[in-house]
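The next block is protein.cif, given as mmCIF, C-alpha atoms, pLDDT in the B column; chains and numbers go by the auth columns.
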```
data_upload
loop_
_atom_site.group_PDB
_atom_site.id
_atom_site.type_symbol
_atom_site.label_atom_id
_atom_site.label_comp_id
_atom_site.label_asym_id
_atom_site.label_seq_id
_atom_site.Cartn_x
_atom_site.Cartn_y
_atom_site.Cartn_z
_atom_site.B_iso_or_equiv
_atom_site.auth_seq_id
_atom_site.auth_asym_id
ATOM 1 C CA MET A 1 -201.967 -111.979 14.627 90.00 20 A
ATOM 2 C CA LYS A 2 -198.442 -112.020 16.084 88.00 21 A
ATOM 3 C CA ARG A 3 -197.354 -110.201 19.248 87.00 22 A
ATOM 4 C CA THR A 4 -195.977 -106.719 18.815 87.00 23 A
ATOM 5 C CA ASP A 5 -194.586 -106.188 22.323 83.00 24 A
ATOM 6 C CA TYR A 6 -191.527 -108.424 21.980 86.00 25 A
ATOM 7 C CA ILE A 7 -188.043 -107.110 22.748 89.00 26 A
ATOM 8 C CA THR A 8 -185.550 -106.105 20.063 91.00 27 A
ATOM 9 C CA TRP A 9 -182.351 -108.040 19.351 95.00 28 A
ATOM 10 C CA ASP A 10 -180.364 -105.279 21.056 95.00 29 A
ATOM 11 C CA GLU A 11 -182.572 -105.455 24.156 93.00 30 A
ATOM 12 C CA TYR A 12 -182.294 -109.234 24.183 95.00 31 A
ATOM 13 C CA PHE A 13 -178.494 -109.365 23.936 97.00 32 A
ATOM 14 C CA MET A 14 -177.983 -106.507 26.384 96.00 33 A
ATOM 15 C CA GLY A 15 -180.345 -108.370 28.707 94.00 34 A
ATOM 16 C CA VAL A 16 -178.144 -111.459 28.405 97.00 35 A
ATOM 17 C CA ALA A 17 -175.088 -109.318 29.221 97.00 36 A
ATOM 18 C CA LEU A 18 -176.846 -107.821 32.258 96.00 37 A
ATOM 19 C CA LEU A 19 -177.982 -111.266 33.397 96.00 38 A
ATOM 20 C CA ALA A 20 -174.378 -112.504 33.090 97.00 39 A
ATOM 21 C CA ALA A 21 -173.309 -109.515 35.218 97.00 40 A
ATOM 22 C CA MET A 22 -175.487 -110.847 38.023 95.00 41 A
ATOM 23 C CA ARG A 23 -172.999 -113.754 38.346 96.00 42 A
ATOM 24 C CA SER A 24 -170.231 -111.325 39.357 96.00 43 A
ATOM 25 C CA LYS A 25 -169.299 -111.406 43.023 95.00 44 A
ATOM 26 C CA ASP A 26 -167.680 -107.969 42.875 95.00 45 A
ATOM 27 C CA PRO A 27 -169.325 -105.943 45.662 94.00 46 A
ATOM 28 C CA ASN A 28 -168.986 -102.649 43.763 93.00 47 A
ATOM 29 C CA THR A 29 -169.255 -103.199 40.026 93.00 48 A
ATOM 30 C CA GLN A 30 -170.991 -106.000 38.162 95.00 49 A
ATOM 31 C CA VAL A 31 -170.393 -106.075 34.422 97.00 50 A
ATOM 32 C CA GLY A 32 -171.465 -108.668 31.879 97.00 51 A
ATOM 33 C CA ALA A 33 -170.739 -109.148 28.198 98.00 52 A
ATOM 34 C CA CYS A 34 -172.388 -111.073 25.378 98.00 53 A
ATOM 35 C CA ILE A 35 -170.734 -111.745 22.005 98.00 54 A
ATOM 36 C CA VAL A 36 -173.042 -112.298 19.029 98.00 55 A
ATOM 37 C CA ASP A 37 -172.400 -113.263 15.405 98.00 56 A
ATOM 38 C CA GLY A 38 -174.002 -111.773 12.292 96.00 57 A
ATOM 39 C CA GLU A 39 -176.834 -114.302 12.427 97.00 58 A
ATOM 40 C CA ASN A 40 -177.881 -113.172 15.927 97.00 59 A
ATOM 41 C CA ARG A 41 -176.438 -116.255 17.586 98.00 60 A
ATOM 42 C CA ILE A 42 -174.726 -115.976 20.945 98.00 61 A
ATOM 43 C CA LEU A 43 -171.095 -117.047 20.697 98.00 62 A
ATOM 44 C CA SER A 44 -170.053 -116.404 24.291 98.00 63 A
ATOM 45 C CA THR A 45 -170.776 -114.574 27.527 98.00 64 A
ATOM 46 C CA GLY A 46 -168.644 -113.379 30.421 98.00 65 A
ATOM 47 C CA TYR A 47 -168.664 -111.312 33.569 98.00 66 A
ATOM 48 C CA ASN A 48 -166.055 -109.644 35.757 97.00 67 A
ATOM 49 C CA GLY A 49 -164.439 -111.968 38.251 96.00 68 A
ATOM 50 C CA PHE A 50 -161.285 -113.815 39.170 96.00 69 A
ATOM 51 C CA PRO A 51 -159.657 -116.369 36.834 95.00 70 A
ATOM 52 C CA SER A 52 -160.706 -120.004 37.138 93.00 71 A
ATOM 53 C CA GLY A 53 -158.958 -121.645 40.058 95.00 72 A
ATOM 54 C CA CYS A 54 -158.504 -118.353 41.935 95.00 73 A
ATOM 55 C CA SER A 55 -160.939 -118.411 44.814 92.00 74 A
ATOM 56 C CA ASP A 56 -162.962 -115.267 45.337 89.00 75 A
ATOM 57 C CA ASP A 57 -162.605 -115.961 49.054 92.00 76 A
ATOM 58 C CA GLU A 58 -158.792 -115.780 48.869 94.00 77 A
ATOM 59 C CA PHE A 59 -158.291 -112.736 46.652 95.00 78 A
ATOM 60 C CA PRO A 60 -159.157 -109.132 47.570 95.00 79 A
ATOM 61 C CA TRP A 61 -162.234 -107.244 46.410 94.00 80 A
ATOM 62 C CA GLU A 62 -160.944 -103.918 47.763 94.00 81 A
ATOM 63 C CA ARG A 63 -160.722 -100.861 45.520 94.00 82 A
ATOM 64 C CA GLU A 64 -158.146 -98.980 47.573 95.00 83 A
ATOM 65 C CA GLY A 65 -154.791 -99.873 49.067 96.00 84 A
ATOM 66 C CA GLY A 66 -151.570 -101.257 47.708 96.00 85 A
ATOM 67 C CA PHE A 67 -151.877 -102.628 44.165 96.00 86 A
ATOM 68 C CA SER A 68 -151.663 -106.298 45.202 94.00 87 A
ATOM 69 C CA GLU A 69 -154.126 -105.643 48.031 95.00 88 A
ATOM 70 C CA THR A 70 -156.856 -104.554 45.595 96.00 89 A
ATOM 71 C CA LYS A 71 -158.934 -106.424 43.042 96.00 90 A
ATOM 72 C CA TYR A 72 -157.325 -104.684 40.061 95.00 91 A
ATOM 73 C CA PRO A 73 -154.382 -107.008 39.329 95.00 92 A
ATOM 74 C CA PHE A 74 -156.599 -110.085 39.663 97.00 93 A
ATOM 75 C CA VAL A 75 -160.037 -109.428 38.151 96.00 94 A
ATOM 76 C CA VAL A 76 -160.716 -110.431 34.551 97.00 95 A
ATOM 77 C CA HIS A 77 -163.104 -107.950 32.938 97.00 96 A
ATOM 78 C CA ALA A 78 -166.355 -109.160 31.382 98.00 97 A
ATOM 79 C CA GLU A 79 -165.246 -108.451 27.809 98.00 98 A
ATOM 80 C CA LEU A 80 -162.004 -110.416 28.117 98.00 99 A
ATOM 81 C CA ASN A 81 -163.813 -113.223 29.929 97.00 100 A
ATOM 82 C CA ALA A 82 -166.350 -113.461 27.088 98.00 101 A
ATOM 83 C CA ILE A 83 -163.535 -113.542 24.506 98.00 102 A
ATOM 84 C CA LEU A 84 -161.669 -116.233 26.461 97.00 103 A
ATOM 85 C CA ASN A 85 -164.883 -118.187 27.105 97.00 104 A
ATOM 86 C CA ALA A 86 -165.420 -118.401 23.328 97.00 105 A
ATOM 87 C CA ARG A 87 -162.647 -121.040 23.434 96.00 106 A
ATOM 88 C CA GLY A 88 -161.259 -120.344 19.980 92.00 107 A
ATOM 89 C CA LYS A 89 -164.529 -119.684 18.144 95.00 108 A
ATOM 90 C CA ASN A 90 -164.143 -117.310 15.241 97.00 109 A
ATOM 91 C CA LEU A 91 -165.216 -113.878 16.533 98.00 110 A
ATOM 92 C CA THR A 92 -164.434 -112.043 13.291 97.00 111 A
ATOM 93 C CA ASP A 93 -167.072 -109.416 12.483 97.00 112 A
ATOM 94 C CA SER A 94 -169.051 -110.164 15.645 98.00 113 A
ATOM 95 C CA LYS A 95 -170.623 -107.691 18.102 98.00 114 A
ATOM 96 C CA ILE A 96 -170.080 -107.452 21.831 98.00 115 A
ATOM 97 C CA TYR A 97 -172.784 -106.152 24.158 98.00 116 A
ATOM 98 C CA VAL A 98 -171.488 -104.759 27.446 98.00 117 A
ATOM 99 C CA ALA A 99 -172.893 -102.560 30.208 93.00 118 A
ATOM 100 C CA LEU A 100 -169.821 -100.304 30.545 96.00 119 A
ATOM 101 C CA PHE A 101 -167.658 -98.920 27.765 97.00 120 A
ATOM 102 C CA PRO A 102 -164.528 -101.107 27.547 98.00 121 A
ATOM 103 C CA CYS A 103 -161.241 -100.084 29.166 97.00 122 A
ATOM 104 C CA HIS A 104 -158.046 -99.864 27.117 97.00 123 A
ATOM 105 C CA GLU A 105 -157.002 -103.440 27.975 97.00 124 A
ATOM 106 C CA CYS A 106 -160.344 -104.868 26.877 98.00 125 A
ATOM 107 C CA ALA A 107 -160.279 -102.687 23.748 98.00 126 A
ATOM 108 C CA LYS A 108 -157.004 -104.351 22.749 98.00 127 A
ATOM 109 C CA ALA A 109 -158.533 -107.810 23.210 98.00 128 A
ATOM 110 C CA ILE A 110 -161.675 -106.789 21.292 98.00 129 A
ATOM 111 C CA ILE A 111 -159.599 -105.509 18.376 98.00 130 A
ATOM 112 C CA GLN A 112 -157.299 -108.552 18.324 98.00 131 A
ATOM 113 C CA SER A 113 -160.222 -111.005 18.463 98.00 132 A
ATOM 114 C CA GLY A 114 -161.848 -109.519 15.347 98.00 133 A
ATOM 115 C CA ILE A 115 -164.956 -108.095 17.030 98.00 134 A
ATOM 116 C CA LYS A 116 -166.135 -105.203 14.860 98.00 135 A
ATOM 117 C CA GLU A 117 -168.856 -103.573 16.953 98.00 136 A
ATOM 118 C CA ILE A 118 -169.391 -102.669 20.606 98.00 137 A
ATOM 119 C CA ILE A 119 -172.874 -101.936 21.940 98.00 138 A
ATOM 120 C CA TYR A 120 -172.729 -100.440 25.441 97.00 139 A
ATOM 121 C CA LEU A 121 -175.057 -98.833 27.974 95.00 140 A
ATOM 122 C CA SER A 122 -172.873 -96.523 30.065 94.00 141 A
ATOM 123 C CA ASP A 123 -169.827 -94.417 29.319 95.00 142 A
ATOM 124 C CA LYS A 124 -169.452 -93.125 32.864 94.00 143 A
ATOM 125 C CA TYR A 125 -165.643 -93.282 32.688 94.00 144 A
ATOM 126 C CA LYS A 126 -165.460 -91.393 29.368 95.00 145 A
ATOM 127 C CA ASP A 127 -163.051 -88.787 30.704 95.00 146 A
ATOM 128 C CA THR A 128 -160.513 -91.266 32.077 96.00 147 A
ATOM 129 C CA GLU A 129 -157.204 -91.870 30.326 97.00 148 A
ATOM 130 C CA SER A 130 -158.159 -95.529 29.891 96.00 149 A
ATOM 131 C CA THR A 131 -161.350 -94.759 27.969 97.00 150 A
ATOM 132 C CA VAL A 132 -159.681 -92.049 25.893 97.00 151 A
ATOM 133 C CA ALA A 133 -156.966 -94.555 24.911 98.00 152 A
ATOM 134 C CA SER A 134 -159.598 -97.193 24.249 98.00 153 A
ATOM 135 C CA LYS A 135 -161.542 -94.966 21.849 98.00 154 A
ATOM 136 C CA ARG A 136 -158.341 -93.930 20.088 98.00 155 A
ATOM 137 C CA MET A 137 -157.435 -97.570 19.388 98.00 156 A
ATOM 138 C CA LEU A 138 -160.981 -98.576 18.447 98.00 157 A
ATOM 139 C CA ASP A 139 -161.283 -95.656 16.018 98.00 158 A
ATOM 140 C CA ARG A 140 -157.961 -96.481 14.369 98.00 159 A
ATOM 141 C CA ALA A 141 -158.857 -100.188 14.107 98.00 160 A
ATOM 142 C CA GLY A 142 -162.288 -99.448 12.627 98.00 161 A
ATOM 143 C CA VAL A 143 -164.293 -100.921 15.494 98.00 162 A
ATOM 144 C CA LYS A 144 -167.698 -99.262 15.702 98.00 163 A
ATOM 145 C CA TYR A 145 -169.132 -98.403 19.108 98.00 164 A
ATOM 146 C CA THR A 146 -172.687 -97.344 19.863 97.00 165 A
ATOM 147 C CA GLN A 147 -174.375 -96.376 23.094 97.00 166 A
ATOM 148 C CA LEU A 148 -177.652 -98.252 23.329 94.00 167 A
ATOM 149 C CA SER A 149 -180.749 -96.306 24.168 88.00 168 A
ATOM 150 C CA MET A 150 -183.548 -98.684 25.034 76.00 169 A
ATOM 151 C CA ASP A 151 -187.276 -98.046 25.129 73.00 170 A
ATOM 152 C CA ASN A 152 -187.603 -100.780 27.745 69.00 171 A
ATOM 153 C CA LYS A 153 -185.853 -99.572 30.892 75.00 172 A
ATOM 154 C CA LYS A 154 -186.722 -102.769 32.703 81.00 173 A
ATOM 155 C CA ILE A 155 -187.268 -106.376 31.705 80.00 174 A
ATOM 156 C CA ILE A 156 -188.707 -108.673 34.340 81.00 175 A
ATOM 157 C CA LEU A 157 -187.863 -112.368 34.359 81.00 176 A
ATOM 158 C CA ASN A 158 -190.649 -114.518 35.707 80.00 177 A
ATOM 159 C CA TYR A 159 -189.616 -118.034 36.714 86.00 178 A
ATOM 160 C CA ASP A 160 -193.219 -118.984 37.466 84.00 179 A
ATOM 161 C CA ILE A 161 -194.409 -120.031 34.018 78.00 180 A
ATOM 162 C CA THR A 162 -197.258 -122.256 35.172 78.00 181 A
#
```

Any chance you could put this one into structure tokens?
Amino acid sequence: MKRTDYITWDEYFMGVALLAAMRSKDPNTQVGACIVDGENRILSTGYNGFPSGCSDDEFPWEREGGFSETKYPFVVHAELNAILNARGKNLTDSKIYVALFPCHECAKAIIQSGIKEIIYLSDKYKDTESTVASKRMLDRAGVKYTQLSMDNKKIILNYDIT
């Protein structure tokens, strides 16, 4: 008889996105993304951080101050990183799993890349102008978005498999 306590595809891919987020060095917000095709194959992952070649020791992580003294002009969001990390793979009709609902800039990249569905955990910035603009574009472009409600609130990775 097979196991019945295995995780769902949604739990699995969101878990991959959350694991990717753990690579982020951002002291305040860690976000990960996982792009999946229609056959449940992972096409790409990403997390929020600075572009390749831009040392996270030389660029600011601050949230407040002058624009160029904060992280905002320099950080690549998880969604865009996952799209760029796909290195030209066809993302048409794929899904992206992400912890936070995408900002307006990431929504543009999601739409342009051909991703047709967003699965997210939190919409904590839902009342911001960025998220309102994001949803407006996604709705017009026909990109579906669904907040994931998981039965498993915690998945534990055990590296001791002996």

Sorted by chain and rising residue number, list the residues of region 58-149 of chain A at most 8 Å from region 31-53 of chain A (counting only C-alpha atoms), each with its closest atom pair and distance in Å to one decimal, as JSON lines.
```
{"residue": "A:Ile61", "atom": "CA", "partner": "A:Cys53", "partner_atom": "CA", "distance": 7.0}
{"residue": "A:Leu62", "atom": "CA", "partner": "A:Cys53", "partner_atom": "CA", "distance": 7.7}
{"residue": "A:Ser63", "atom": "CA", "partner": "A:Cys53", "partner_atom": "CA", "distance": 5.9}
{"residue": "A:Thr64", "atom": "CA", "partner": "A:Cys53", "partner_atom": "CA", "distance": 4.4}
{"residue": "A:Gly65", "atom": "CA", "partner": "A:Ala52", "partner_atom": "CA", "distance": 5.2}
{"residue": "A:Tyr66", "atom": "CA", "partner": "A:Gly51", "partner_atom": "CA", "distance": 4.2}
{"residue": "A:Asn67", "atom": "CA", "partner": "A:Ser43", "partner_atom": "CA", "distance": 5.8}
{"residue": "A:Gly68", "atom": "CA", "partner": "A:Ser43", "partner_atom": "CA", "distance": 5.9}
{"residue": "A:Asp75", "atom": "CA", "partner": "A:Lys44", "partner_atom": "CA", "distance": 7.8}
{"residue": "A:Trp80", "atom": "CA", "partner": "A:Asp45", "partner_atom": "CA", "distance": 6.5}
{"residue": "A:His96", "atom": "CA", "partner": "A:Val50", "partner_atom": "CA", "distance": 7.7}
{"residue": "A:Ala97", "atom": "CA", "partner": "A:Gly51", "partner_atom": "CA", "distance": 5.2}
{"residue": "A:Glu98", "atom": "CA", "partner": "A:Ala52", "partner_atom": "CA", "distance": 5.6}
{"residue": "A:Ala101", "atom": "CA", "partner": "A:Ala52", "partner_atom": "CA", "distance": 6.3}
{"residue": "A:Ile115", "atom": "CA", "partner": "A:Cys53", "partner_atom": "CA", "distance": 5.6}
{"residue": "A:Tyr116", "atom": "CA", "partner": "A:Cys53", "partner_atom": "CA", "distance": 5.1}
{"residue": "A:Val117", "atom": "CA", "partner": "A:Ala52", "partner_atom": "CA", "distance": 4.5}
{"residue": "A:Ala118", "atom": "CA", "partner": "A:Val50", "partner_atom": "CA", "distance": 6.0}
{"residue": "A:Leu119", "atom": "CA", "partner": "A:Val50", "partner_atom": "CA", "distance": 7.0}
```

Go ahead and write the residues just picked, C-alpha atoms, as a PDB file, in the frame of the given file.
```pdb
ATOM      1  CA  ILE A  61    -174.726-115.976  20.945  1.00 98.00           C
ATOM      2  CA  LEU A  62    -171.095-117.047  20.697  1.00 98.00           C
ATOM      3  CA  SER A  63    -170.053-116.404  24.291  1.00 98.00           C
ATOM      4  CA  THR A  64    -170.776-114.574  27.527  1.00 98.00           C
ATOM      5  CA  GLY A  65    -168.644-113.379  30.421  1.00 98.00           C
ATOM      6  CA  TYR A  66    -168.664-111.312  33.569  1.00 98.00           C
ATOM      7  CA  ASN A  67    -166.055-109.644  35.757  1.00 97.00           C
ATOM      8  CA  GLY A  68    -164.439-111.968  38.251  1.00 96.00           C
ATOM      9  CA  ASP A  75    -162.962-115.267  45.337  1.00 89.00           C
ATOM     10  CA  TRP A  80    -162.234-107.244  46.410  1.00 94.00           C
ATOM     11  CA  HIS A  96    -163.104-107.950  32.938  1.00 97.00           C
ATOM     12  CA  ALA A  97    -166.355-109.160  31.382  1.00 98.00           C
ATOM     13  CA  GLU A  98    -165.246-108.451  27.809  1.00 98.00           C
ATOM     14  CA  ALA A 101    -166.350-113.461  27.088  1.00 98.00           C
ATOM     15  CA  ILE A 115    -170.080-107.452  21.831  1.00 98.00           C
ATOM     16  CA  TYR A 116    -172.784-106.152  24.158  1.00 98.00           C
ATOM     17  CA  VAL A 117    -171.488-104.759  27.446  1.00 98.00           C
ATOM     18  CA  ALA A 118    -172.893-102.560  30.208  1.00 93.00           C
ATOM     19  CA  LEU A 119    -169.821-100.304  30.545  1.00 96.00           C
TER      20      LEU A 119
END
```

#### Entry: Gap from CA of Arg159 (chain A) to CA of Glu30 (chain A) - Å, one decimal
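If I compute the distance from CA of Arg159 (chain A) to CA of Glu30 (chain A), I get 28.0 Å.
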
### Atomic separation - CA of Asn109 (chain A) relative to CA of Gly72 (chain A), Å
25.7 Å

### For Asp56 (chain A): contacts at 9 Å, all atoms listed in the file, fewer than 3 positions along chain excluded, given as a list of chain:residue names
A:Asn59, A:Arg60, A:Ile61, A:Leu62, A:Leu110, A:Thr111, A:Asp112, A:Ser113, A:Lys114, A:Ile115

### Task
List the residues selected by the PyMOL selection byres ((chain A and resi 128) around 12) in the file shown, writing them as a PyMOL selection string.
chain A and resi 95-103+110+115+121-127+129-135+153+156-157+160+162

### Query
If you apply the PyMOL selection byres ((chain A and resi 24) around 12) to this file, what residues do you get, as an MDAnalysis selection string?
chainID A and resid 21:23 25:27 170:171 174

### Non-local contacts of Lys90 (chain A) (7 Å; only C-alpha atoms; under 4 positions in same chain excluded) as a list in words
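Neighbouring residues, sequence-local ones excluded: Pro79, Trp80, Glu81, Arg82 and Val94 of chain A.
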
### Query
So how many Å separate CA of Ser168 (chain A) and CA of Gly57 (chain A), to one decimal?
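Pair CA of Ser168 (chain A) / CA of Gly57 (chain A) returns 20.6 Å.
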